[in-house]
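Peer 1: File protein.txt follows (compact mmCIF, C-alpha atoms and all ligand atoms):
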```txt
# COMPACT_ATOMS: atom_id res chain seq x y z
CA MET N 10 0.00 0.00 0.00
CA GLN N 11 1.23 3.50 -0.80
CA THR N 12 1.70 6.00 1.96
CA ALA N 13 0.03 9.38 1.60
CA PHE N 14 2.21 12.00 -0.03
CA GLU N 15 1.73 14.25 3.00
CA SER N 16 3.93 11.95 5.06
CA TRP N 17 6.96 13.12 3.11
CA ILE N 18 6.04 16.34 1.26
CA HIS N 19 3.86 19.14 2.60
CA PRO N 20 3.60 22.92 2.86
CA ALA N 21 5.72 24.32 5.67
CA PRO N 22 4.43 27.15 7.88
CA PRO N 23 6.13 30.50 7.12
CA ALA N 24 7.79 30.48 10.55
CA GLU N 25 9.54 27.26 9.50
CA GLY N 26 10.62 28.60 6.14
CA GLY N 27 7.45 28.12 4.12
CA GLY N 28 7.37 26.63 0.65
CA LEU N 29 7.11 22.85 0.27
CA ARG N 30 9.11 20.81 2.74
CA VAL N 31 10.52 17.52 1.47
CA VAL N 32 11.07 15.62 4.70
CA PRO N 33 13.32 12.72 3.61
CA GLY N 34 15.53 15.15 1.69
CA GLY N 35 15.75 17.75 4.44
CA PHE N 36 15.05 20.64 2.06
CA HIS N 37 12.38 23.17 1.15
CA ILE N 38 11.29 23.99 -2.39
CA ASP N 39 10.97 27.77 -2.93
CA PRO N 40 11.09 28.69 0.78
CA ILE N 41 9.92 32.19 1.68
CA ARG N 42 12.27 32.55 4.65
CA PRO N 43 15.89 31.42 4.88
CA VAL N 44 16.35 27.66 5.46
CA ASP N 45 19.43 25.42 5.66
CA ARG N 46 18.75 23.78 2.35
CA ALA N 47 16.64 25.20 -0.50
CA VAL N 48 15.76 23.87 -3.92
CA VAL N 49 14.63 26.76 -6.13
CA THR N 50 12.44 26.42 -9.22
CA HIS N 51 13.31 29.76 -10.86
CA GLY N 52 14.65 33.25 -10.34
CA HIS N 53 11.46 35.29 -9.79
CA ALA N 54 11.58 37.06 -6.46
CA ASP N 55 8.62 35.22 -4.95
CA HIS N 56 10.33 31.85 -5.54
CA ALA N 57 14.04 32.64 -5.21
CA ARG N 58 14.79 34.51 -2.02
CA PRO N 59 18.15 35.41 -0.53
CA GLY N 60 19.84 34.09 2.60
CA ASN N 61 19.50 30.29 2.39
CA GLY N 62 22.32 28.12 3.71
CA SER N 63 22.54 26.21 0.43
CA VAL N 64 20.67 26.52 -2.84
CA LEU N 65 20.23 23.85 -5.48
CA ALA N 66 18.92 25.19 -8.80
CA THR N 67 19.78 25.24 -12.49
CA PRO N 68 23.01 27.10 -13.37
CA GLU N 69 20.90 29.82 -15.04
CA THR N 70 18.71 30.33 -11.96
CA LEU N 71 21.81 30.54 -9.77
CA ALA N 72 23.28 33.16 -12.14
CA ILE N 73 20.04 35.17 -11.92
CA MET N 74 20.11 34.96 -8.11
CA ARG N 75 23.74 36.13 -8.04
CA GLU N 76 22.82 39.02 -10.34
CA ARG N 77 19.97 40.08 -8.03
CA TYR N 78 21.29 39.26 -4.57
CA GLY N 79 25.07 39.21 -4.87
CA ALA N 80 26.71 37.40 -1.95
CA ALA N 81 23.30 36.99 -0.24
CA ALA N 82 22.20 34.58 -3.00
CA GLY N 83 23.04 31.74 -0.61
CA GLY N 84 25.87 30.12 1.33
CA THR N 85 26.57 27.26 -1.06
CA LEU N 86 25.22 27.40 -4.59
CA GLN N 87 24.90 23.97 -6.16
CA PRO N 88 24.14 23.92 -9.89
CA ALA N 89 21.91 21.11 -11.16
CA PRO N 90 21.72 21.10 -14.97
CA TYR N 91 18.46 19.91 -16.55
CA GLY N 92 18.14 16.13 -16.56
CA GLU N 93 20.86 15.33 -14.04
CA THR N 94 19.73 12.94 -11.30
CA LEU N 95 20.86 13.65 -7.75
CA ARG N 96 20.37 11.88 -4.47
CA ILE N 97 19.57 14.09 -1.47
CA GLY N 98 18.98 12.15 1.73
CA ASP N 99 16.39 9.54 0.86
CA VAL N 100 15.03 11.34 -2.23
CA THR N 101 16.00 11.38 -5.88
CA VAL N 102 15.88 14.85 -7.38
CA ARG N 103 15.91 15.89 -11.04
CA LEU N 104 15.29 19.32 -12.57
CA VAL N 105 13.50 19.50 -15.95
CA PRO N 106 12.50 22.56 -18.00
CA ALA N 107 9.30 24.43 -17.07
CA GLY N 108 9.24 26.80 -20.06
CA HIS N 109 8.54 29.83 -17.84
CA VAL N 110 11.73 31.95 -17.88
CA LEU N 111 15.42 31.23 -18.49
CA GLY N 112 16.56 28.47 -16.13
CA SER N 113 13.05 27.71 -14.82
CA ALA N 114 12.66 24.12 -13.66
CA GLN N 115 10.11 21.62 -12.48
CA ILE N 116 11.42 19.62 -9.55
CA VAL N 117 10.97 15.86 -10.07
CA LEU N 118 11.13 13.91 -6.78
CA GLU N 119 11.12 10.16 -6.28
CA HIS N 120 10.73 8.52 -2.92
CA ARG N 121 9.66 4.97 -2.11
CA GLY N 122 8.08 4.32 -5.46
CA GLN N 123 6.17 7.61 -5.63
CA ARG N 124 6.97 10.32 -8.15
CA VAL N 125 6.08 13.93 -7.42
CA VAL N 126 6.53 16.82 -9.86
CA VAL N 127 6.55 20.36 -8.47
CA SER N 128 6.03 22.55 -11.50
CA GLY N 129 6.90 25.96 -10.12
CA ASP N 130 5.54 28.45 -12.66
CA TYR N 131 5.22 27.13 -16.21
CA LYS N 132 3.80 27.62 -19.66
CA ARG N 133 3.43 25.41 -22.72
CA ARG N 134 3.84 28.05 -25.47
CA ALA N 135 7.07 28.38 -27.42
CA ASP N 136 9.48 30.89 -25.90
CA PRO N 137 12.82 31.52 -27.64
CA THR N 138 14.40 32.63 -24.35
CA CYS N 139 14.11 29.33 -22.49
CA ALA N 140 13.91 25.55 -22.86
CA PRO N 141 10.39 24.19 -23.49
CA PHE N 142 8.25 22.58 -20.77
CA GLU N 143 8.84 18.85 -20.48
CA VAL N 144 5.98 16.52 -19.60
CA VAL N 145 7.00 14.14 -16.80
CA PRO N 146 4.37 11.52 -15.90
CA CYS N 147 3.86 11.47 -12.13
CA ASP N 148 1.67 10.34 -9.24
CA LEU N 149 1.33 13.80 -7.69
CA PHE N 150 1.52 17.00 -9.72
CA VAL N 151 1.85 20.34 -7.94
CA SER N 152 0.59 22.97 -10.35
CA GLU N 153 0.42 26.73 -10.31
CA ALA N 154 -2.93 28.26 -11.32
CA THR N 155 -2.16 31.93 -11.80
CA PHE N 156 -4.58 32.07 -14.73
CA GLY N 157 -6.83 29.24 -13.55
CA LEU N 158 -10.13 30.56 -14.84
CA PRO N 159 -11.79 29.87 -18.22
CA VAL N 160 -11.72 33.61 -19.02
CA PHE N 161 -7.92 33.42 -19.32
CA ARG N 162 -7.04 32.21 -22.78
CA HIS N 163 -3.87 33.80 -24.05
CA PRO N 164 -3.85 34.78 -27.75
CA PRO N 165 -0.76 34.03 -29.87
CA ALA N 166 2.05 36.31 -28.64
CA ASP N 167 3.09 37.34 -32.16
CA GLU N 168 -0.36 38.84 -32.74
CA GLU N 169 0.05 40.97 -29.63
CA VAL N 170 3.46 42.13 -30.82
CA ALA N 171 1.95 43.03 -34.20
CA LYS N 172 -0.32 45.47 -32.32
CA LEU N 173 2.75 47.29 -31.04
CA LEU N 174 4.31 47.52 -34.49
CA ARG N 175 1.00 48.82 -35.87
CA SER N 176 0.90 51.48 -33.16
CA ILE N 177 4.37 52.71 -34.22
CA ARG N 178 3.18 53.14 -37.81
CA LEU N 179 0.04 54.90 -36.58
CA PHE N 180 1.84 57.32 -34.24
CA PRO N 181 5.29 58.07 -35.71
CA ASP N 182 5.71 61.14 -33.48
CA ARG N 183 5.11 59.33 -30.22
CA ALA N 184 7.29 56.94 -28.24
CA GLN N 185 6.01 53.42 -27.52
CA LEU N 186 6.56 52.78 -23.81
CA VAL N 187 5.88 49.19 -22.75
CA GLY N 188 5.80 48.01 -19.14
CA VAL N 189 7.52 44.63 -18.74
CA TYR N 190 8.81 42.65 -15.79
CA ALA N 191 12.58 42.58 -15.56
CA LEU N 192 13.05 38.81 -15.58
CA GLY N 193 11.64 36.89 -18.50
CA LYS N 194 8.94 39.13 -19.95
CA CYS N 195 11.41 41.81 -20.99
CA GLN N 196 13.70 39.44 -22.85
CA ARG N 197 10.86 37.44 -24.40
CA LEU N 198 9.23 40.60 -25.74
CA ILE N 199 12.55 41.70 -27.23
CA ARG N 200 12.95 38.34 -28.96
CA LEU N 201 9.37 38.48 -30.25
CA LEU N 202 10.06 41.95 -31.67
CA ARG N 203 13.25 40.74 -33.34
CA ALA N 204 11.35 37.79 -34.84
CA ALA N 205 8.76 40.26 -36.17
CA GLY N 206 11.52 42.14 -37.99
CA TRP N 207 12.17 45.03 -35.56
CA ASP N 208 15.95 45.43 -35.95
CA ALA N 209 16.24 48.97 -34.56
CA PRO N 210 17.74 49.65 -31.14
CA ILE N 211 15.33 49.01 -28.27
CA TYR N 212 15.61 51.51 -25.42
CA LEU N 213 15.78 50.21 -21.85
CA HIS N 214 15.05 51.61 -18.40
CA GLY N 215 18.12 51.07 -16.19
CA ALA N 216 16.35 48.46 -14.03
CA LEU N 217 16.11 46.11 -17.04
CA ALA N 218 19.70 46.31 -18.26
CA GLY N 219 21.41 43.87 -15.89
CA LEU N 220 19.20 40.86 -16.60
CA CYS N 221 19.29 41.57 -20.36
CA ARG N 222 23.08 41.46 -20.24
CA LEU N 223 22.90 38.24 -18.23
CA TYR N 224 20.54 36.61 -20.76
CA GLU N 225 22.97 37.51 -23.53
CA ARG N 226 25.89 36.06 -21.57
CA LEU N 227 23.84 32.87 -21.13
CA GLY N 228 23.27 32.55 -24.87
CA VAL N 229 20.07 34.49 -25.60
CA PRO N 230 20.99 37.23 -28.12
CA LEU N 231 18.75 40.29 -27.92
CA GLY N 232 20.08 42.62 -30.64
CA PRO N 233 20.92 46.30 -30.15
CA LEU N 234 19.82 47.63 -26.73
CA VAL N 235 20.40 51.25 -25.66
CA PRO N 236 19.92 52.87 -22.23
CA ALA N 237 16.96 55.27 -22.32
CA THR N 238 18.96 58.06 -20.69
CA GLY N 239 20.73 61.23 -21.78
CA LEU N 240 18.97 61.48 -25.15
CA PRO N 241 16.85 64.34 -26.49
CA ARG N 242 13.10 63.68 -26.41
CA ASP N 243 12.88 63.61 -30.17
CA ALA N 244 15.27 60.66 -30.32
CA PHE N 245 12.45 58.46 -28.95
CA LYS N 246 9.88 59.32 -31.62
CA GLY N 247 8.69 56.15 -33.30
CA GLN N 248 10.91 54.06 -31.01
CA ILE N 249 10.25 51.28 -28.49
CA VAL N 250 11.14 51.92 -24.86
CA LEU N 251 10.84 49.16 -22.24
CA ALA N 252 10.51 49.91 -18.53
CA PRO N 253 9.27 48.16 -15.37
CA PRO N 254 5.47 48.52 -15.06
CA SER N 255 5.85 50.86 -12.09
CA ALA N 256 7.93 53.31 -14.14
CA THR N 257 5.53 53.73 -17.04
CA ALA N 258 3.22 55.99 -15.02
CA ASP N 259 5.78 57.98 -13.03
CA ARG N 260 8.03 60.94 -13.71
CA TRP N 261 10.60 58.73 -15.38
CA ALA N 262 8.29 58.56 -18.41
CA ARG N 263 8.28 62.34 -18.84
CA ARG N 264 11.49 62.16 -20.83
CA LEU N 265 9.50 60.58 -23.66
CA PRO N 266 7.48 62.39 -26.32
CA ASP N 267 3.74 61.78 -25.64
CA PRO N 268 4.29 58.06 -25.03
CA VAL N 269 1.76 55.40 -26.01
CA VAL N 270 1.78 53.43 -22.75
CA GLY N 271 1.58 49.69 -23.24
CA ALA N 272 1.94 46.69 -20.95
CA ALA N 273 2.75 43.05 -21.70
CA SER N 274 1.05 40.76 -19.20
CA GLY N 275 -1.50 37.98 -18.98
CA TRP N 276 -3.54 40.36 -16.81
CA MET N 277 -4.09 42.61 -19.81
CA ARG N 278 -6.97 40.24 -20.60
CA VAL N 279 -8.78 42.15 -17.86
CA ARG N 280 -9.77 45.43 -19.54
CA GLN N 281 -10.49 47.14 -16.27
CA ARG N 282 -7.00 46.45 -15.03
CA ALA N 283 -5.46 47.96 -18.14
CA ARG N 284 -7.61 51.07 -17.74
CA GLN N 285 -6.78 51.42 -14.04
CA ARG N 286 -3.13 51.56 -14.95
CA GLY N 287 -3.49 54.00 -17.76
CA VAL N 288 -2.51 51.39 -20.32
CA GLU N 289 -3.49 52.48 -23.80
CA LEU N 290 -1.99 49.46 -25.55
CA PRO N 291 -2.65 46.25 -23.60
CA MET N 292 -0.69 43.26 -24.89
CA ILE N 293 -1.69 39.84 -23.59
CA VAL N 294 1.69 38.18 -23.36
CA SER N 295 2.05 35.78 -20.45
CA ASP N 296 4.74 33.47 -19.13
CA HIS N 297 2.14 31.40 -17.28
CA ALA N 298 -0.06 28.59 -18.57
CA ASP N 299 -3.53 29.76 -19.54
CA TRP N 300 -6.70 27.85 -18.64
CA ASP N 301 -6.42 25.35 -21.52
CA GLU N 302 -2.71 24.78 -20.93
CA LEU N 303 -3.33 24.06 -17.24
CA ILE N 304 -5.96 21.43 -18.05
CA ASP N 305 -3.90 19.92 -20.87
CA THR N 306 -0.92 19.66 -18.56
CA VAL N 307 -2.84 17.97 -15.75
CA ARG N 308 -4.07 15.46 -18.34
CA ASP N 309 -0.63 15.02 -19.95
CA VAL N 310 1.20 14.18 -16.71
CA GLY N 311 -1.47 11.58 -15.88
CA CYS N 312 -1.36 12.27 -12.15
CA GLY N 313 -3.77 10.62 -9.71
CA THR N 314 -3.38 13.49 -7.26
CA LEU N 315 -3.18 17.22 -7.95
CA TRP N 316 -2.21 20.02 -5.59
CA VAL N 317 -2.93 23.50 -6.84
CA THR N 318 -1.24 26.66 -5.67
CA HIS N 319 -0.44 30.19 -6.63
CA GLY N 320 -3.60 31.71 -7.92
CA ARG N 321 -7.15 30.66 -8.59
CA GLU N 322 -7.22 27.11 -7.32
CA GLU N 323 -10.91 26.22 -7.11
CA ALA N 324 -11.81 26.03 -10.80
CA LEU N 325 -8.85 23.82 -11.70
CA CYS N 326 -9.52 21.54 -8.72
CA HIS N 327 -13.12 21.21 -9.87
CA VAL N 328 -12.15 20.26 -13.43
CA ALA N 329 -9.51 17.82 -12.18
CA ALA N 330 -12.03 16.14 -9.88
CA GLY N 331 -14.23 15.64 -12.93
CA MET N 332 -11.30 13.85 -14.56
CA GLY N 333 -11.14 11.44 -11.60
CA ILE N 334 -8.15 13.15 -10.03
CA GLU N 335 -7.96 13.77 -6.32
CA ALA N 336 -7.37 17.52 -6.21
CA ARG N 337 -6.91 20.08 -3.49
CA ALA N 338 -5.81 23.68 -3.06
CA LEU N 339 -2.55 24.20 -1.22
CA ALA N 340 -2.47 27.17 1.08
CA LEU N 341 1.05 28.27 0.24
CA VAL N 342 1.72 31.79 1.40
CA GLY N 343 4.16 34.37 0.13
CA PHE N 344 3.53 34.06 -3.56
CA ASP N 345 2.77 37.09 -5.62
CA GLU N 346 -0.86 37.17 -6.59
CA GLU N 347 0.09 39.21 -9.61
CA GLY N 348 1.71 36.03 -10.78
CA GLN N 349 4.51 37.96 -12.38
CA GLY N 350 7.12 37.06 -9.87
CA GLU N 351 8.07 40.55 -8.87
CA THR N 352 7.26 41.46 -5.32
CA ALA N 353 7.63 44.33 -2.93
CA ASP N 354 11.15 43.22 -2.04
CA ASP N 355 12.12 44.30 -5.51
CA PRO N 356 11.82 48.08 -5.08
CA GLY N 357 11.09 50.09 -8.18
CA VAL N 358 10.58 47.00 -10.25
CA GLY N 359 7.52 45.46 -8.62
CA ASP N 360 4.00 46.21 -9.53
CA PRO N 361 1.95 46.22 -6.35
CA GLY N 362 -1.05 47.61 -8.22
CA PRO N 363 -4.65 47.26 -7.13
CA GLY N 364 -6.13 43.97 -5.92
CA ALA N 365 -6.79 40.88 -7.94
CA PRO N 366 -9.61 40.95 -10.46
CA ALA N 367 -12.86 39.44 -9.23
ZN ZN N 401 5.37 32.56 -9.28
ZN ZN N 402 7.61 33.03 -11.98
```
Here is the file; what I need is its structure written in the form of structure tokens.
Ligand SMILES: [Zn+2]
Ligand SMILES: [Zn+2]
Peer 2:
Amino acid sequence: MQTAFESWIHPAPPAEGGGLRVVPGGFHIDPIRPVDRAVVTHGHADHARPGNGSVLATPETLAIMRERYGAAAGGTLQPAPYGETLRIGDVTVRLVPAGHVLGSAQIVLEHRGQRVVVSGDYKRRADPTCAPFEVVPCDLFVSEATFGLPVFRHPPADEEVAKLLRSIRLFPDRAQLVGVYALGKCQRLIRLLRAAGWDAPIYLHGALAGLCRLYERLGVPLGPLVPATGLPRDAFKGQIVLAPPSATADRWARRLPDPVVGAASGWMRVRQRARQRGVELPMIVSDHADWDELIDTVRDVGCGTLWVTHGREEALCHVAAGMGIEARALALVGFDEEGQGETADDPGVGDPGPGAPA
């Protein structure tokens, strides 16, 4: 007879580090407070936090953590390339691509004949800045559900990018200012623009430069990028300027000629949210699975048990139950409801914004 998963993997209270504790391995996955031993799915600030005694993650995620946290990234940083199998205590651990941002990984755990996959954040769409999501059949699948409602169906990203290029042709005397999160969204949007034929320099807010350089060092070429500083206003006419979402509405943007303010986010599906933020050009470009991708993935991994976290759990649990899967919502705390992985501990880059949509 199989033992319940809870006997060896369960959410830890925040006071004990939070995240998912893997008892026989003596580690936490994506802890929210420093622990002795952390396994980190990806570099977004609500998953990768500083100050852990040791951190096991992909080499790319460790590089992102070093870029953001410097020496506080962790005491010992242990790189685990995709596909490599490791033994930690009484658990086998393997990291496989999650398709979310550069270096993002699902954590595959095996213990006493049970296989658990902790997805972290993921998507199934093609993304030229990271390795594609890999389906790993498992007994228990721990899924995010940031966009876990039927209303969230992401359109093809290249169609959203075409809207931006159309806006440039329509308003040649205005700048196009697009709010993007620093890790992942920024670089993906740049690659989508390059694929659509935009070869001109793309102007960057200073908060985006470091991670763009890191992506390039890690083998993701982004084309000509120029700091959006020290240039006359007219230089930005008909040009694309990328900035953190919080900067598109503040005084920083005054250097630009009558900017068309855009934003690239899965939340741009919610019209009201775009309006609240003064977004004239909403672009629905998401690094999270949409409703159909979530359901497809639960089906693809063939799990008998599903734990849902990180968003709107109820609807996905309901659909999974209808598929004969034992499903429940995990009350994991500390994750960013915006689902964009940038939190308040990331000053100037985060997007606290108004509450979640109803
Ligand atoms: Zn997340
Ligand atoms: Zn994330």
Peer 1: Any idea what's packed within 8 Å of region 31-45 of chain N, counting all atoms listed in the file, ignoring anything in its chain fewer than 6 positions away? Could you give it as a VMD selection string?
Peer 2: chain N and resid 17 to 19 23 to 25 55 to 63 97 to 100 343
Peer 1: Could you turn the residues from that selection into a file that holds C-alpha atoms, as a short mmCIF file (atom, residue, chain, number, x, y, z; two decimals), in the coordinates of the input?
Peer 2:
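Saved result, out_22.cif, follows:
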```cif
data_model
loop_
_atom_site.label_atom_id
_atom_site.label_comp_id
_atom_site.auth_asym_id
_atom_site.auth_seq_id
_atom_site.Cartn_x
_atom_site.Cartn_y
_atom_site.Cartn_z
CA TRP N 17 6.96 13.12 3.11
CA ILE N 18 6.04 16.34 1.26
CA HIS N 19 3.86 19.14 2.60
CA PRO N 23 6.13 30.50 7.12
CA ALA N 24 7.79 30.48 10.55
CA GLU N 25 9.54 27.26 9.50
CA ASP N 55 8.62 35.22 -4.95
CA HIS N 56 10.33 31.85 -5.54
CA ALA N 57 14.04 32.64 -5.21
CA ARG N 58 14.79 34.51 -2.02
CA PRO N 59 18.15 35.41 -0.53
CA GLY N 60 19.84 34.09 2.60
CA ASN N 61 19.50 30.29 2.39
CA GLY N 62 22.32 28.12 3.71
CA SER N 63 22.54 26.21 0.43
CA ILE N 97 19.57 14.09 -1.47
CA GLY N 98 18.98 12.15 1.73
CA ASP N 99 16.39 9.54 0.86
CA VAL N 100 15.03 11.34 -2.23
CA GLY N 343 4.16 34.37 0.13
#
```
Peer 1: What lies within 8 Å of Gly157 (chain N) using all atoms listed in the file, ignoring chain neighbours under 6 positions off, as a PyMOL selection string?
Peer 2: chain N and resi 299-300+303+320-322+324-325
Peer 1: Name the closest residue to ligand ZN 402 (chain N) among the candidates N:Gly129, N:Gly26, N:Pro141, N:Gly83; distances are taken between atoms, counting all atoms listed in the file.
Peer 2: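 Of the candidates, the smallest distance to ligand ZN 402 (chain N) is held by N:Gly129.
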Peer 1: So that each row is one residue of chain N with an atom at most 8 Å from ligand ZN 402 (chain N), can you give its shortest atom pair and the distance in Å to one decimal, using all atoms listed in the file, rows by chain and rising number, as JSON lines?
Peer 2:
```
{"residue": "N:His51", "atom": "CA", "partner": "N:ZN402", "partner_atom": "ZN", "distance": 6.7}
{"residue": "N:Gly52", "atom": "CA", "partner": "N:ZN402", "partner_atom": "ZN", "distance": 7.2}
{"residue": "N:His53", "atom": "CA", "partner": "N:ZN402", "partner_atom": "ZN", "distance": 5.0}
{"residue": "N:Ala54", "atom": "CA", "partner": "N:ZN402", "partner_atom": "ZN", "distance": 7.9}
{"residue": "N:Asp55", "atom": "CA", "partner": "N:ZN402", "partner_atom": "ZN", "distance": 7.4}
{"residue": "N:His56", "atom": "CA", "partner": "N:ZN402", "partner_atom": "ZN", "distance": 7.1}
{"residue": "N:His109", "atom": "CA", "partner": "N:ZN402", "partner_atom": "ZN", "distance": 6.7}
{"residue": "N:Val110", "atom": "CA", "partner": "N:ZN402", "partner_atom": "ZN", "distance": 7.3}
{"residue": "N:Gly129", "atom": "CA", "partner": "N:ZN402", "partner_atom": "ZN", "distance": 7.3}
{"residue": "N:Asp130", "atom": "CA", "partner": "N:ZN402", "partner_atom": "ZN", "distance": 5.1}
{"residue": "N:Tyr131", "atom": "CA", "partner": "N:ZN402", "partner_atom": "ZN", "distance": 7.6}
{"residue": "N:Asp296", "atom": "CA", "partner": "N:ZN402", "partner_atom": "ZN", "distance": 7.7}
{"residue": "N:His297", "atom": "CA", "partner": "N:ZN402", "partner_atom": "ZN", "distance": 7.8}
{"residue": "N:Gly348", "atom": "CA", "partner": "N:ZN402", "partner_atom": "ZN", "distance": 6.7}
{"residue": "N:Gln349", "atom": "CA", "partner": "N:ZN402", "partner_atom": "ZN", "distance": 5.8}
{"residue": "N:Gly350", "atom": "CA", "partner": "N:ZN402", "partner_atom": "ZN", "distance": 4.6}
```
Peer 1: Just the residues within 6 Å of Val189 (chain N), please, counting only C-alpha atoms, with nothing from its chain fewer than 5 positions along; format it as a count of residues only.
Peer 2: 5
Peer 1: Pick out the residues sitting within 9 Å of Pro20 (chain N), and hand them over as a VMD selection string; count all atoms listed in the file, and ignore anything fewer than 6 positions along from it in its own chain.
Peer 2: chain N and resid 27 to 31 37 339 to 341
Peer 1: Skipping near chain neighbours, those fewer than 6 positions away, what residues fall within 10 Å of Cys312 (chain N) using all atoms listed in the file, listed as a short mmCIF file (atom, residue, chain, number, x, y, z; two decimals) with C-alpha atoms, keeping the file's coordinate frame?
Peer 2:
```cif
data_model
loop_
_atom_site.label_atom_id
_atom_site.label_comp_id
_atom_site.auth_asym_id
_atom_site.auth_seq_id
_atom_site.Cartn_x
_atom_site.Cartn_y
_atom_site.Cartn_z
CA ARG N 124 6.97 10.32 -8.15
CA VAL N 125 6.08 13.93 -7.42
CA VAL N 126 6.53 16.82 -9.86
CA VAL N 145 7.00 14.14 -16.80
CA PRO N 146 4.37 11.52 -15.90
CA CYS N 147 3.86 11.47 -12.13
CA ASP N 148 1.67 10.34 -9.24
CA LEU N 149 1.33 13.80 -7.69
CA PHE N 150 1.52 17.00 -9.72
CA VAL N 151 1.85 20.34 -7.94
CA THR N 306 -0.92 19.66 -18.56
CA ALA N 329 -9.51 17.82 -12.18
CA GLY N 333 -11.14 11.44 -11.60
CA ILE N 334 -8.15 13.15 -10.03
CA GLU N 335 -7.96 13.77 -6.32
CA ALA N 336 -7.37 17.52 -6.21
#
```
Peer 1: Between CA of Gln185 (chain N) and CA of Cys221 (chain N), what distance in Å does the model show, to one decimal?
Peer 2: 19.2 Å
Peer 1: Have a look at CA of Ala205 (chain N) and CA of Leu227 (chain N) and let me know their distance in Å, one decimal.
Peer 2: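 That distance, rounded to one decimal, is 22.5 Å.
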Peer 1: Given only C-alpha atoms as the basis, pick out the residue of N:Thr67, N:Gln115, N:Thr85, N:Ser16 nearest to Glu153 (chain N).
Peer 2: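 Of the candidates, the smallest distance to Glu153 (chain N) is held by N:Gln115.
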Peer 1: Which one is closest to Arg278 (chain N): N:Ala209, N:Leu118, N:Ala184, N:Val160? Count only C-alpha atoms.
Peer 2: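 Of all the options, N:Val160 lies closest to Arg278 (chain N).
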Peer 1: Between N:Ala262, N:Ala338, N:Ile116, N:Pro291, which has the minimum distance to Ser176 (chain N) (counting all atoms listed in the file)?
Peer 2: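 Of N:Ala262, N:Ala338, N:Ile116, N:Pro291, the one nearest Ser176 (chain N) is N:Pro291, counting all atoms listed in the file.
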Peer 1: Can you take the partial region 311-322 of chain N, add N, CA and C atoms, and return it as an mmCIF file, in the frame of the given file?
Peer 2:
```cif
data_model
loop_
_atom_site.group_PDB
_atom_site.id
_atom_site.type_symbol
_atom_site.label_atom_id
_atom_site.label_comp_id
_atom_site.auth_asym_id
_atom_site.auth_seq_id
_atom_site.Cartn_x
_atom_site.Cartn_y
_atom_site.Cartn_z
ATOM 1 N N GLY N 311 -0.777 12.807 -16.306
ATOM 2 C CA GLY N 311 -1.470 11.580 -15.880
ATOM 3 C C GLY N 311 -1.464 11.346 -14.381
ATOM 4 N N CYS N 312 -1.470 12.408 -13.606
ATOM 5 C CA CYS N 312 -1.360 12.270 -12.150
ATOM 6 C C CYS N 312 -2.682 11.764 -11.551
ATOM 7 N N GLY N 313 -2.573 11.017 -10.445
ATOM 8 C CA GLY N 313 -3.770 10.620 -9.710
ATOM 9 C C GLY N 313 -4.149 11.666 -8.671
ATOM 10 N N THR N 314 -3.158 12.462 -8.284
ATOM 11 C CA THR N 314 -3.380 13.490 -7.260
ATOM 12 C C THR N 314 -2.815 14.813 -7.774
ATOM 13 N N LEU N 315 -3.586 15.894 -7.506
ATOM 14 C CA LEU N 315 -3.180 17.220 -7.950
ATOM 15 C C LEU N 315 -3.260 18.189 -6.778
ATOM 16 N N TRP N 316 -2.167 18.925 -6.556
ATOM 17 C CA TRP N 316 -2.210 20.020 -5.590
ATOM 18 C C TRP N 316 -2.064 21.304 -6.379
ATOM 19 N N VAL N 317 -2.924 22.261 -6.064
ATOM 20 C CA VAL N 317 -2.930 23.500 -6.840
ATOM 21 C C VAL N 317 -2.557 24.670 -5.939
ATOM 22 N N THR N 318 -1.720 25.537 -6.456
ATOM 23 C CA THR N 318 -1.240 26.660 -5.670
ATOM 24 C C THR N 318 -1.184 27.912 -6.516
ATOM 25 N N HIS N 319 -0.927 29.082 -5.848
ATOM 26 C CA HIS N 319 -0.440 30.190 -6.630
ATOM 27 C C HIS N 319 -1.487 30.770 -7.565
ATOM 28 N N GLY N 320 -2.649 31.078 -7.042
ATOM 29 C CA GLY N 320 -3.600 31.710 -7.920
ATOM 30 C C GLY N 320 -5.015 31.275 -7.643
ATOM 31 N N ARG N 321 -5.742 30.972 -8.704
ATOM 32 C CA ARG N 321 -7.150 30.660 -8.590
ATOM 33 C C ARG N 321 -7.340 29.144 -8.620
ATOM 34 N N GLU N 322 -7.314 28.567 -7.403
ATOM 35 C CA GLU N 322 -7.220 27.110 -7.320
ATOM 36 C C GLU N 322 -8.533 26.381 -7.597
#
```
